[in-house]
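Visitor: Dropping in structure-v6.pdb, which is PDB, C-alpha atoms:
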```pdb
ATOM      1  CA  MET A   1     -37.839  73.930 -42.878  1.00  0.00           C
ATOM      2  CA  ILE A   2     -36.713  70.321 -42.542  1.00  0.00           C
ATOM      3  CA  LYS A   3     -34.634  69.708 -39.442  1.00  0.00           C
ATOM      4  CA  THR A   4     -32.841  66.564 -38.331  1.00  0.00           C
ATOM      5  CA  ARG A   5     -30.222  66.011 -35.664  1.00  0.00           C
ATOM      6  CA  ASP A   6     -27.408  66.833 -38.091  1.00  0.00           C
ATOM      7  CA  GLU A   7     -29.076  68.941 -40.794  1.00  0.00           C
ATOM      8  CA  LEU A   8     -31.257  71.945 -41.432  1.00  0.00           C
ATOM      9  CA  LEU A   9     -32.808  72.663 -44.818  1.00  0.00           C
ATOM     10  CA  ARG A  10     -34.755  75.850 -45.558  1.00  0.00           C
ATOM     11  CA  LEU A  11     -36.761  75.889 -48.759  1.00  0.00           C
ATOM     12  CA  ASN A  12     -39.716  77.434 -50.497  1.00  0.00           C
ATOM     13  CA  ILE A  13     -42.615  74.969 -50.531  1.00  0.00           C
ATOM     14  CA  GLU A  14     -43.325  75.896 -54.154  1.00  0.00           C
ATOM     15  CA  HIS A  15     -39.958  74.354 -55.126  1.00  0.00           C
ATOM     16  CA  ILE A  16     -40.869  70.912 -53.757  1.00  0.00           C
ATOM     17  CA  LEU A  17     -41.766  68.313 -56.371  1.00  0.00           C
ATOM     18  CA  TYR A  18     -42.204  65.343 -54.024  1.00  0.00           C
ATOM     19  CA  PHE A  19     -41.023  63.435 -50.956  1.00  0.00           C
ATOM     20  CA  GLU A  20     -40.506  59.669 -51.191  1.00  0.00           C
ATOM     21  CA  ALA A  21     -40.180  57.198 -48.323  1.00  0.00           C
ATOM     22  CA  ASP A  22     -37.233  54.809 -48.270  1.00  0.00           C
ATOM     23  CA  ARG A  23     -37.548  52.824 -45.023  1.00  0.00           C
ATOM     24  CA  ASN A  24     -36.295  55.136 -42.243  1.00  0.00           C
ATOM     25  CA  TYR A  25     -35.143  57.731 -44.763  1.00  0.00           C
ATOM     26  CA  THR A  26     -37.014  60.259 -46.872  1.00  0.00           C
ATOM     27  CA  LYS A  27     -35.900  61.527 -50.260  1.00  0.00           C
ATOM     28  CA  LEU A  28     -36.851  65.028 -51.351  1.00  0.00           C
ATOM     29  CA  LEU A  29     -36.794  66.072 -54.995  1.00  0.00           C
ATOM     30  CA  LEU A  30     -36.962  69.765 -55.883  1.00  0.00           C
ATOM     31  CA  LEU A  31     -38.206  71.208 -59.171  1.00  0.00           C
ATOM     32  CA  GLN A  32     -34.671  71.965 -60.325  1.00  0.00           C
ATOM     33  CA  GLY A  33     -33.723  68.284 -60.011  1.00  0.00           C
ATOM     34  CA  ILE A  34     -31.836  68.761 -56.737  1.00  0.00           C
ATOM     35  CA  GLN A  35     -32.278  65.794 -54.397  1.00  0.00           C
ATOM     36  CA  PHE A  36     -31.806  65.467 -50.643  1.00  0.00           C
ATOM     37  CA  THR A  37     -32.054  62.424 -48.378  1.00  0.00           C
ATOM     38  CA  PHE A  38     -32.929  62.760 -44.695  1.00  0.00           C
ATOM     39  CA  ALA A  39     -32.463  60.239 -41.889  1.00  0.00           C
ATOM     40  CA  VAL A  40     -36.111  60.758 -40.893  1.00  0.00           C
ATOM     41  CA  ASN A  41     -39.140  58.702 -41.909  1.00  0.00           C
ATOM     42  CA  ILE A  42     -41.815  60.269 -44.106  1.00  0.00           C
ATOM     43  CA  GLY A  43     -44.350  60.415 -41.258  1.00  0.00           C
ATOM     44  CA  LYS A  44     -42.060  62.704 -39.265  1.00  0.00           C
ATOM     45  CA  VAL A  45     -41.436  64.855 -42.344  1.00  0.00           C
ATOM     46  CA  GLU A  46     -45.203  65.192 -42.764  1.00  0.00           C
ATOM     47  CA  ASP A  47     -45.535  66.158 -39.073  1.00  0.00           C
ATOM     48  CA  MET A  48     -42.794  68.830 -39.457  1.00  0.00           C
ATOM     49  CA  LEU A  49     -44.500  70.317 -42.497  1.00  0.00           C
ATOM     50  CA  THR A  50     -47.942  70.281 -40.856  1.00  0.00           C
ATOM     51  CA  ALA A  51     -46.584  72.055 -37.778  1.00  0.00           C
ATOM     52  CA  GLN A  52     -45.112  74.837 -39.945  1.00  0.00           C
ATOM     53  CA  MET A  53     -47.963  75.410 -42.392  1.00  0.00           C
ATOM     54  CA  LYS A  54     -51.513  76.499 -41.710  1.00  0.00           C
ATOM     55  CA  ASP A  55     -52.965  74.718 -44.724  1.00  0.00           C
ATOM     56  CA  LEU A  56     -50.490  72.087 -45.861  1.00  0.00           C
ATOM     57  CA  SER A  57     -53.123  70.284 -47.962  1.00  0.00           C
ATOM     58  CA  SER A  58     -53.522  73.299 -50.244  1.00  0.00           C
ATOM     59  CA  VAL A  59     -50.063  72.567 -51.696  1.00  0.00           C
ATOM     60  CA  LEU A  60     -48.816  69.137 -50.594  1.00  0.00           C
ATOM     61  CA  ILE A  61     -50.780  65.917 -50.361  1.00  0.00           C
ATOM     62  CA  ARG A  62     -49.886  62.507 -48.971  1.00  0.00           C
ATOM     63  CA  VAL A  63     -50.317  59.758 -51.568  1.00  0.00           C
ATOM     64  CA  GLY A  64     -50.271  56.344 -49.958  1.00  0.00           C
ATOM     65  CA  LYS A  65     -47.569  55.277 -47.539  1.00  0.00           C
ATOM     66  CA  SER A  66     -44.591  56.355 -49.601  1.00  0.00           C
ATOM     67  CA  HIS A  67     -45.146  59.784 -51.153  1.00  0.00           C
ATOM     68  CA  ILE A  68     -46.018  63.393 -50.442  1.00  0.00           C
ATOM     69  CA  VAL A  69     -46.440  65.316 -53.690  1.00  0.00           C
ATOM     70  CA  ASN A  70     -46.877  68.943 -54.659  1.00  0.00           C
ATOM     71  CA  LYS A  71     -50.360  69.135 -56.183  1.00  0.00           C
ATOM     72  CA  LYS A  72     -49.442  72.107 -58.334  1.00  0.00           C
ATOM     73  CA  HIS A  73     -47.016  70.001 -60.373  1.00  0.00           C
ATOM     74  CA  ILE A  74     -49.265  67.022 -61.146  1.00  0.00           C
ATOM     75  CA  LEU A  75     -49.474  66.547 -64.892  1.00  0.00           C
ATOM     76  CA  GLN A  76     -51.193  63.158 -65.220  1.00  0.00           C
ATOM     77  CA  ILE A  77     -52.706  60.378 -63.139  1.00  0.00           C
ATOM     78  CA  ASN A  78     -52.918  57.043 -64.950  1.00  0.00           C
ATOM     79  CA  LEU A  79     -54.792  54.478 -62.856  1.00  0.00           C
ATOM     80  CA  PRO A  80     -54.387  51.409 -65.135  1.00  0.00           C
ATOM     81  CA  LYS A  81     -50.610  51.915 -65.345  1.00  0.00           C
ATOM     82  CA  GLN A  82     -50.373  53.057 -61.684  1.00  0.00           C
ATOM     83  CA  LYS A  83     -48.380  56.102 -62.711  1.00  0.00           C
ATOM     84  CA  LEU A  84     -48.284  59.686 -61.546  1.00  0.00           C
ATOM     85  CA  LEU A  85     -46.497  62.245 -63.720  1.00  0.00           C
ATOM     86  CA  LEU A  86     -45.169  65.420 -62.131  1.00  0.00           C
ATOM     87  CA  LEU A  87     -43.829  68.249 -64.269  1.00  0.00           C
ATOM     88  CA  ALA A  88     -40.533  69.727 -63.112  1.00  0.00           C
ATOM     89  CA  ASP A  89     -38.990  73.074 -64.104  1.00  0.00           C
ATOM     90  CA  GLU A  90     -36.700  71.574 -66.688  1.00  0.00           C
ATOM     91  CA  GLY A  91     -39.797  70.431 -68.605  1.00  0.00           C
ATOM     92  CA  LYS A  92     -39.119  66.739 -68.105  1.00  0.00           C
ATOM     93  CA  PRO A  93     -41.928  64.868 -66.370  1.00  0.00           C
ATOM     94  CA  ARG A  94     -40.997  62.775 -63.335  1.00  0.00           C
ATOM     95  CA  GLU A  95     -42.821  59.476 -63.185  1.00  0.00           C
ATOM     96  CA  LEU A  96     -43.778  57.847 -59.899  1.00  0.00           C
ATOM     97  CA  VAL A  97     -45.216  54.350 -59.634  1.00  0.00           C
ATOM     98  CA  ILE A  98     -47.935  54.372 -56.994  1.00  0.00           C
ATOM     99  CA  PRO A  99     -50.436  51.645 -56.030  1.00  0.00           C
ATOM    100  CA  LYS A 100     -53.863  51.995 -57.616  1.00  0.00           C
ATOM    101  CA  GLU A 101     -55.905  52.767 -54.477  1.00  0.00           C
ATOM    102  CA  PRO A 102     -53.836  55.751 -53.242  1.00  0.00           C
ATOM    103  CA  LEU A 103     -53.738  57.006 -56.827  1.00  0.00           C
ATOM    104  CA  ARG A 104     -57.534  56.716 -57.109  1.00  0.00           C
ATOM    105  CA  ALA A 105     -57.920  58.599 -53.810  1.00  0.00           C
ATOM    106  CA  LEU A 106     -55.641  61.366 -55.151  1.00  0.00           C
ATOM    107  CA  LYS A 107     -57.638  61.571 -58.385  1.00  0.00           C
ATOM    108  CA  ASP A 108     -60.941  61.755 -56.490  1.00  0.00           C
ATOM    109  CA  SER A 109     -59.551  64.400 -54.136  1.00  0.00           C
ATOM    110  CA  LEU A 110     -58.314  66.608 -56.979  1.00  0.00           C
ATOM    111  CA  GLU A 111     -61.618  66.242 -58.850  1.00  0.00           C
ATOM    112  CA  ALA A 112     -63.597  67.162 -55.714  1.00  0.00           C
ATOM    113  CA  GLU A 113     -61.346  70.168 -55.169  1.00  0.00           C
ATOM    114  CA  VAL A 114     -61.991  71.435 -58.701  1.00  0.00           C
ATOM    115  CA  LEU A 115     -65.741  70.813 -58.427  1.00  0.00           C
ATOM    116  CA  GLY A 116     -65.808  72.625 -55.071  1.00  0.00           C
ATOM    117  CA  LYS A 117     -64.088  75.653 -56.606  1.00  0.00           C
ATOM    118  CA  ASP A 118     -66.492  75.610 -59.565  1.00  0.00           C
ATOM    119  CA  ASN A 119     -69.501  75.485 -57.227  1.00  0.00           C
ATOM    120  CA  LYS A 120     -68.147  78.433 -55.200  1.00  0.00           C
ATOM    121  CA  LYS A 121     -67.720  80.456 -58.408  1.00  0.00           C
ATOM    122  CA  LYS A 122     -71.296  79.646 -59.471  1.00  0.00           C
ATOM    123  CA  GLY A 123     -72.585  80.797 -56.080  1.00  0.00           C
ATOM    124  CA  MET A 124     -70.723  84.104 -56.418  1.00  0.00           C
ATOM    125  CA  ASP A 125     -71.937  84.643 -59.966  1.00  0.00           C
ATOM    126  CA  GLU A 126     -75.600  84.243 -59.028  1.00  0.00           C
TER     127      GLU A 126
END
```
Starting from the file, give its structure as structure tokens.
Guide:
Amino acid sequence: MIKTRDELLRLNIEHILYFEADRNYTKLLLLQGIQFTFAVNIGKVEDMLTAQMKDLSSVLIRVGKSHIVNKKHILQINLPKQKLLLLADEGKPRELVIPKEPLRALKDSLEAEVLGKDNKKKGMDE
């Protein structure tokens, strides 16, 4: 749930593609292409989401100062071009331009997550 002084939005976290900061506003894009803009900065949106979810980082991840993305919809990370592609329901990728360092941190985090899961599976198989 995203709540501001004048608005209330209830949504399924799985439908979120990404949040994008725009000064004191935050844009939200859903998988279906629906977009909302809130008169709340992205830090407060992140705080709202964290307060409502036990494990926010399992689905959403902050990427730099300007974005919170749904990890399940990441299609490609291109460090040299500073691009992040997210795949929406309509099959069209959404491209975000993100500075190299936050993008590298995202890439490293996702790789570590996959390696951690692989190591857990190996431990169970033994």
Visitor: Considering only C-alpha atoms, state which residue in the set A:His67, A:Lys44, A:Lys92, A:Arg5 is at the smallest distance from Lys27 (chain A).
Guide: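 Checking each of A:His67, A:Lys44, A:Lys92, A:Arg5 against Lys27 (chain A), counting only C-alpha atoms, the winner is A:His67.
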Visitor: Mind giving me the straight-line distance from CA of Asp22 (chain A) to CA of Arg10 (chain A) in Å, one decimal?
Guide: 21.4 Å
Visitor: Using all atoms listed in the file, which of the listed residues (A:Thr37, A:Asp89, A:Ile2, A:Asn24) sits closest to His73 (chain A)?
Guide: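 Between A:Thr37, A:Asp89, A:Ile2, A:Asn24, the residue approaching His73 (chain A) most closely is A:Asp89.
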Visitor: Can you pull out every residue within 8 Å of Leu29 (chain A), counting only C-alpha atoms, but drop anything in the same chain fewer than 6 positions away, and send it as a ChimeraX atom specification?
Guide: /A:16-19,35-36
Visitor: Please write as a list of chain:residue names the full residue list that the PyMOL selection byres ((chain A and resi 51-56) around 12) yields on this file.
Guide: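 Checking the PyMOL selection byres ((chain A and resi 51-56) around 12) against this file, the residues are A:Met1, A:Ile2, A:Lys3, A:Arg10, A:Asn12, A:Ile13, A:Glu14, A:Lys44, A:Val45, A:Glu46, A:Asp47, A:Met48, A:Leu49, A:Thr50, A:Ser57, A:Ser58, A:Val59, A:Leu60, A:Ile61, A:Arg62, A:Ile68, A:Val69, A:Asn70, A:Lys71.
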Visitor: What lies within 12 Å of Pro80 (chain A) using all atoms listed in the file, ignoring chain neighbours under 5 positions off, as a list in words?
Guide: Val97, Ile98, Pro99, Lys100, Glu101, Leu103 and Arg104 of chain A
Visitor: Go ahead and find all residues with at least one atom no further than 7 Å from (-53.3, 60.6, -57.4) in the file's coordinates, using only C-alpha atoms; report them as a list in words.
Guide: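 In the file's frame, the residues around the point are Val63, Ile77, Leu84, Pro102, Leu103, Arg104, Ala105, Leu106 and Lys107 of chain A.
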Visitor: Please write the residues from the selection above to a file, keeping C-alpha atoms, as a PDB file, keeping the file's coordinate frame.
Guide:
```
ATOM      1  CA  VAL A  63     -50.317  59.758 -51.568  1.00  0.00           C
ATOM      2  CA  ILE A  77     -52.706  60.378 -63.139  1.00  0.00           C
ATOM      3  CA  LEU A  84     -48.284  59.686 -61.546  1.00  0.00           C
ATOM      4  CA  PRO A 102     -53.836  55.751 -53.242  1.00  0.00           C
ATOM      5  CA  LEU A 103     -53.738  57.006 -56.827  1.00  0.00           C
ATOM      6  CA  ARG A 104     -57.534  56.716 -57.109  1.00  0.00           C
ATOM      7  CA  ALA A 105     -57.920  58.599 -53.810  1.00  0.00           C
ATOM      8  CA  LEU A 106     -55.641  61.366 -55.151  1.00  0.00           C
ATOM      9  CA  LYS A 107     -57.638  61.571 -58.385  1.00  0.00           C
TER      10      LYS A 107
END
```
Visitor: I need region 2-45 of chain A written out with N, CA and C atoms, as an mmCIF file, in the first residue's frame; please produce it.
Guide:
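Everything below was put into result.cif:
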```
data_model
loop_
_atom_site.group_PDB
_atom_site.id
_atom_site.type_symbol
_atom_site.label_atom_id
_atom_site.label_comp_id
_atom_site.auth_asym_id
_atom_site.auth_seq_id
_atom_site.Cartn_x
_atom_site.Cartn_y
_atom_site.Cartn_z
ATOM 1 N N ILE A 2 0.590 2.157 -0.876
ATOM 2 C CA ILE A 2 1.273 3.451 -0.936
ATOM 3 C C ILE A 2 0.247 4.497 -0.510
ATOM 4 N N LYS A 3 0.605 5.254 0.533
ATOM 5 C CA LYS A 3 -0.340 6.214 1.082
ATOM 6 C C LYS A 3 0.315 7.588 1.152
ATOM 7 N N THR A 4 -0.388 8.576 0.618
ATOM 8 C CA THR A 4 0.038 9.967 0.754
ATOM 9 C C THR A 4 -1.105 10.722 1.435
ATOM 10 N N ARG A 5 -0.942 12.005 1.582
ATOM 11 C CA ARG A 5 -1.986 12.803 2.217
ATOM 12 C C ARG A 5 -3.310 12.714 1.458
ATOM 13 N N ASP A 6 -3.222 12.680 0.122
ATOM 14 C CA ASP A 6 -4.421 12.729 -0.708
ATOM 15 C C ASP A 6 -4.763 11.428 -1.422
ATOM 16 N N GLU A 7 -3.870 10.423 -1.340
ATOM 17 C CA GLU A 7 -4.085 9.208 -2.130
ATOM 18 C C GLU A 7 -3.791 7.947 -1.332
ATOM 19 N N LEU A 8 -4.410 6.869 -1.798
ATOM 20 C CA LEU A 8 -4.127 5.539 -1.278
ATOM 21 C C LEU A 8 -4.132 4.592 -2.467
ATOM 22 N N LEU A 9 -3.067 3.818 -2.606
ATOM 23 C CA LEU A 9 -2.960 2.866 -3.702
ATOM 24 C C LEU A 9 -2.642 1.496 -3.111
ATOM 25 N N ARG A 10 -3.508 0.528 -3.410
ATOM 26 C CA ARG A 10 -3.285 -0.857 -2.976
ATOM 27 C C ARG A 10 -2.902 -1.660 -4.200
ATOM 28 N N LEU A 11 -1.800 -2.404 -4.104
ATOM 29 C CA LEU A 11 -1.369 -3.187 -5.249
ATOM 30 C C LEU A 11 -0.603 -4.420 -4.818
ATOM 31 N N ASN A 12 -0.547 -5.372 -5.724
ATOM 32 C CA ASN A 12 0.210 -6.590 -5.512
ATOM 33 C C ASN A 12 1.663 -6.289 -5.874
ATOM 34 N N ILE A 13 2.583 -6.599 -4.984
ATOM 35 C CA ILE A 13 3.991 -6.275 -5.212
ATOM 36 C C ILE A 13 4.536 -6.929 -6.476
ATOM 37 N N GLU A 14 3.956 -8.054 -6.859
ATOM 38 C CA GLU A 14 4.397 -8.753 -8.073
ATOM 39 C C GLU A 14 4.111 -7.932 -9.339
ATOM 40 N N HIS A 15 3.169 -6.993 -9.257
ATOM 41 C CA HIS A 15 2.801 -6.185 -10.421
ATOM 42 C C HIS A 15 3.694 -4.970 -10.609
ATOM 43 N N ILE A 16 4.567 -4.700 -9.639
ATOM 44 C CA ILE A 16 5.455 -3.537 -9.715
ATOM 45 C C ILE A 16 6.606 -3.845 -10.662
ATOM 46 N N LEU A 17 6.865 -2.948 -11.593
ATOM 47 C CA LEU A 17 8.038 -3.061 -12.452
ATOM 48 C C LEU A 17 9.175 -2.246 -11.832
ATOM 49 N N TYR A 18 8.914 -0.952 -11.568
ATOM 50 C CA TYR A 18 9.921 -0.140 -10.889
ATOM 51 C C TYR A 18 9.322 1.163 -10.363
ATOM 52 N N PHE A 19 10.058 1.764 -9.422
ATOM 53 C CA PHE A 19 9.805 3.114 -8.928
ATOM 54 C C PHE A 19 10.965 3.975 -9.422
ATOM 55 N N GLU A 20 10.673 5.231 -9.766
ATOM 56 C CA GLU A 20 11.717 6.140 -10.229
ATOM 57 C C GLU A 20 11.558 7.499 -9.550
ATOM 58 N N ALA A 21 12.651 7.991 -8.984
ATOM 59 C CA ALA A 21 12.638 9.290 -8.313
ATOM 60 C C ALA A 21 12.593 10.418 -9.332
ATOM 61 N N ASP A 22 11.835 11.459 -8.992
ATOM 62 C CA ASP A 22 11.770 12.672 -9.794
ATOM 63 C C ASP A 22 11.633 13.839 -8.820
ATOM 64 N N ARG A 23 12.761 14.252 -8.281
ATOM 65 C CA ARG A 23 12.856 15.263 -7.207
ATOM 66 C C ARG A 23 12.013 14.836 -6.003
ATOM 67 N N ASN A 24 10.992 15.593 -5.651
ATOM 68 C CA ASN A 24 10.148 15.256 -4.502
ATOM 69 C C ASN A 24 8.984 14.340 -4.873
ATOM 70 N N TYR A 25 8.988 13.840 -6.070
ATOM 71 C CA TYR A 25 7.952 12.929 -6.545
ATOM 72 C C TYR A 25 8.558 11.566 -6.833
ATOM 73 N N THR A 26 7.696 10.557 -6.878
ATOM 74 C CA THR A 26 8.124 9.214 -7.256
ATOM 75 C C THR A 26 7.143 8.678 -8.275
ATOM 76 N N LYS A 27 7.684 8.174 -9.380
ATOM 77 C CA LYS A 27 6.862 7.533 -10.404
ATOM 78 C C LYS A 27 6.879 6.036 -10.164
ATOM 79 N N LEU A 28 5.745 5.410 -10.354
ATOM 80 C CA LEU A 28 5.604 3.964 -10.243
ATOM 81 C C LEU A 28 5.113 3.443 -11.579
ATOM 82 N N LEU A 29 5.791 2.427 -12.108
ATOM 83 C CA LEU A 29 5.339 1.794 -13.340
ATOM 84 C C LEU A 29 5.002 0.345 -13.030
ATOM 85 N N LEU A 30 3.778 -0.057 -13.393
ATOM 86 C CA LEU A 30 3.325 -1.428 -13.197
ATOM 87 C C LEU A 30 3.564 -2.236 -14.462
ATOM 88 N N LEU A 31 3.551 -3.548 -14.326
ATOM 89 C CA LEU A 31 3.799 -4.449 -15.453
ATOM 90 C C LEU A 31 2.906 -4.166 -16.642
ATOM 91 N N GLN A 32 1.664 -3.814 -16.388
ATOM 92 C CA GLN A 32 0.693 -3.599 -17.461
ATOM 93 C C GLN A 32 0.886 -2.264 -18.164
ATOM 94 N N GLY A 33 1.897 -1.492 -17.763
ATOM 95 C CA GLY A 33 2.152 -0.196 -18.376
ATOM 96 C C GLY A 33 1.450 0.954 -17.672
ATOM 97 N N ILE A 34 0.702 0.665 -16.629
ATOM 98 C CA ILE A 34 0.007 1.710 -15.872
ATOM 99 C C ILE A 34 1.044 2.468 -15.039
ATOM 100 N N GLN A 35 0.939 3.798 -15.039
ATOM 101 C CA GLN A 35 1.893 4.623 -14.313
ATOM 102 C C GLN A 35 1.175 5.523 -13.317
ATOM 103 N N PHE A 36 1.787 5.675 -12.141
ATOM 104 C CA PHE A 36 1.294 6.574 -11.110
ATOM 105 C C PHE A 36 2.434 7.496 -10.702
ATOM 106 N N THR A 37 2.099 8.699 -10.260
ATOM 107 C CA THR A 37 3.082 9.619 -9.701
ATOM 108 C C THR A 37 2.584 10.059 -8.332
ATOM 109 N N PHE A 38 3.485 9.976 -7.351
ATOM 110 C CA PHE A 38 3.145 10.329 -5.968
ATOM 111 C C PHE A 38 3.933 11.549 -5.543
ATOM 112 N N ALA A 39 3.316 12.391 -4.713
ATOM 113 C CA ALA A 39 3.993 13.565 -4.165
ATOM 114 C C ALA A 39 4.763 13.165 -2.910
ATOM 115 N N VAL A 40 5.614 12.160 -3.046
ATOM 116 C CA VAL A 40 6.430 11.631 -1.955
ATOM 117 C C VAL A 40 7.777 11.264 -2.559
ATOM 118 N N ASN A 41 8.882 11.550 -1.841
ATOM 119 C CA ASN A 41 10.175 11.188 -2.412
ATOM 120 C C ASN A 41 10.410 9.674 -2.307
ATOM 121 N N ILE A 42 11.360 9.180 -3.073
ATOM 122 C CA ILE A 42 11.574 7.739 -3.179
ATOM 123 C C ILE A 42 12.045 7.115 -1.855
ATOM 124 N N GLY A 43 12.726 7.890 -1.039
ATOM 125 C CA GLY A 43 13.152 7.391 0.277
ATOM 126 C C GLY A 43 11.957 7.058 1.163
ATOM 127 N N LYS A 44 10.937 7.905 1.131
ATOM 128 C CA LYS A 44 9.733 7.646 1.923
ATOM 129 C C LYS A 44 8.946 6.468 1.369
ATOM 130 N N VAL A 45 8.937 6.321 0.043
ATOM 131 C CA VAL A 45 8.285 5.159 -0.570
ATOM 132 C C VAL A 45 8.986 3.890 -0.102
#
```
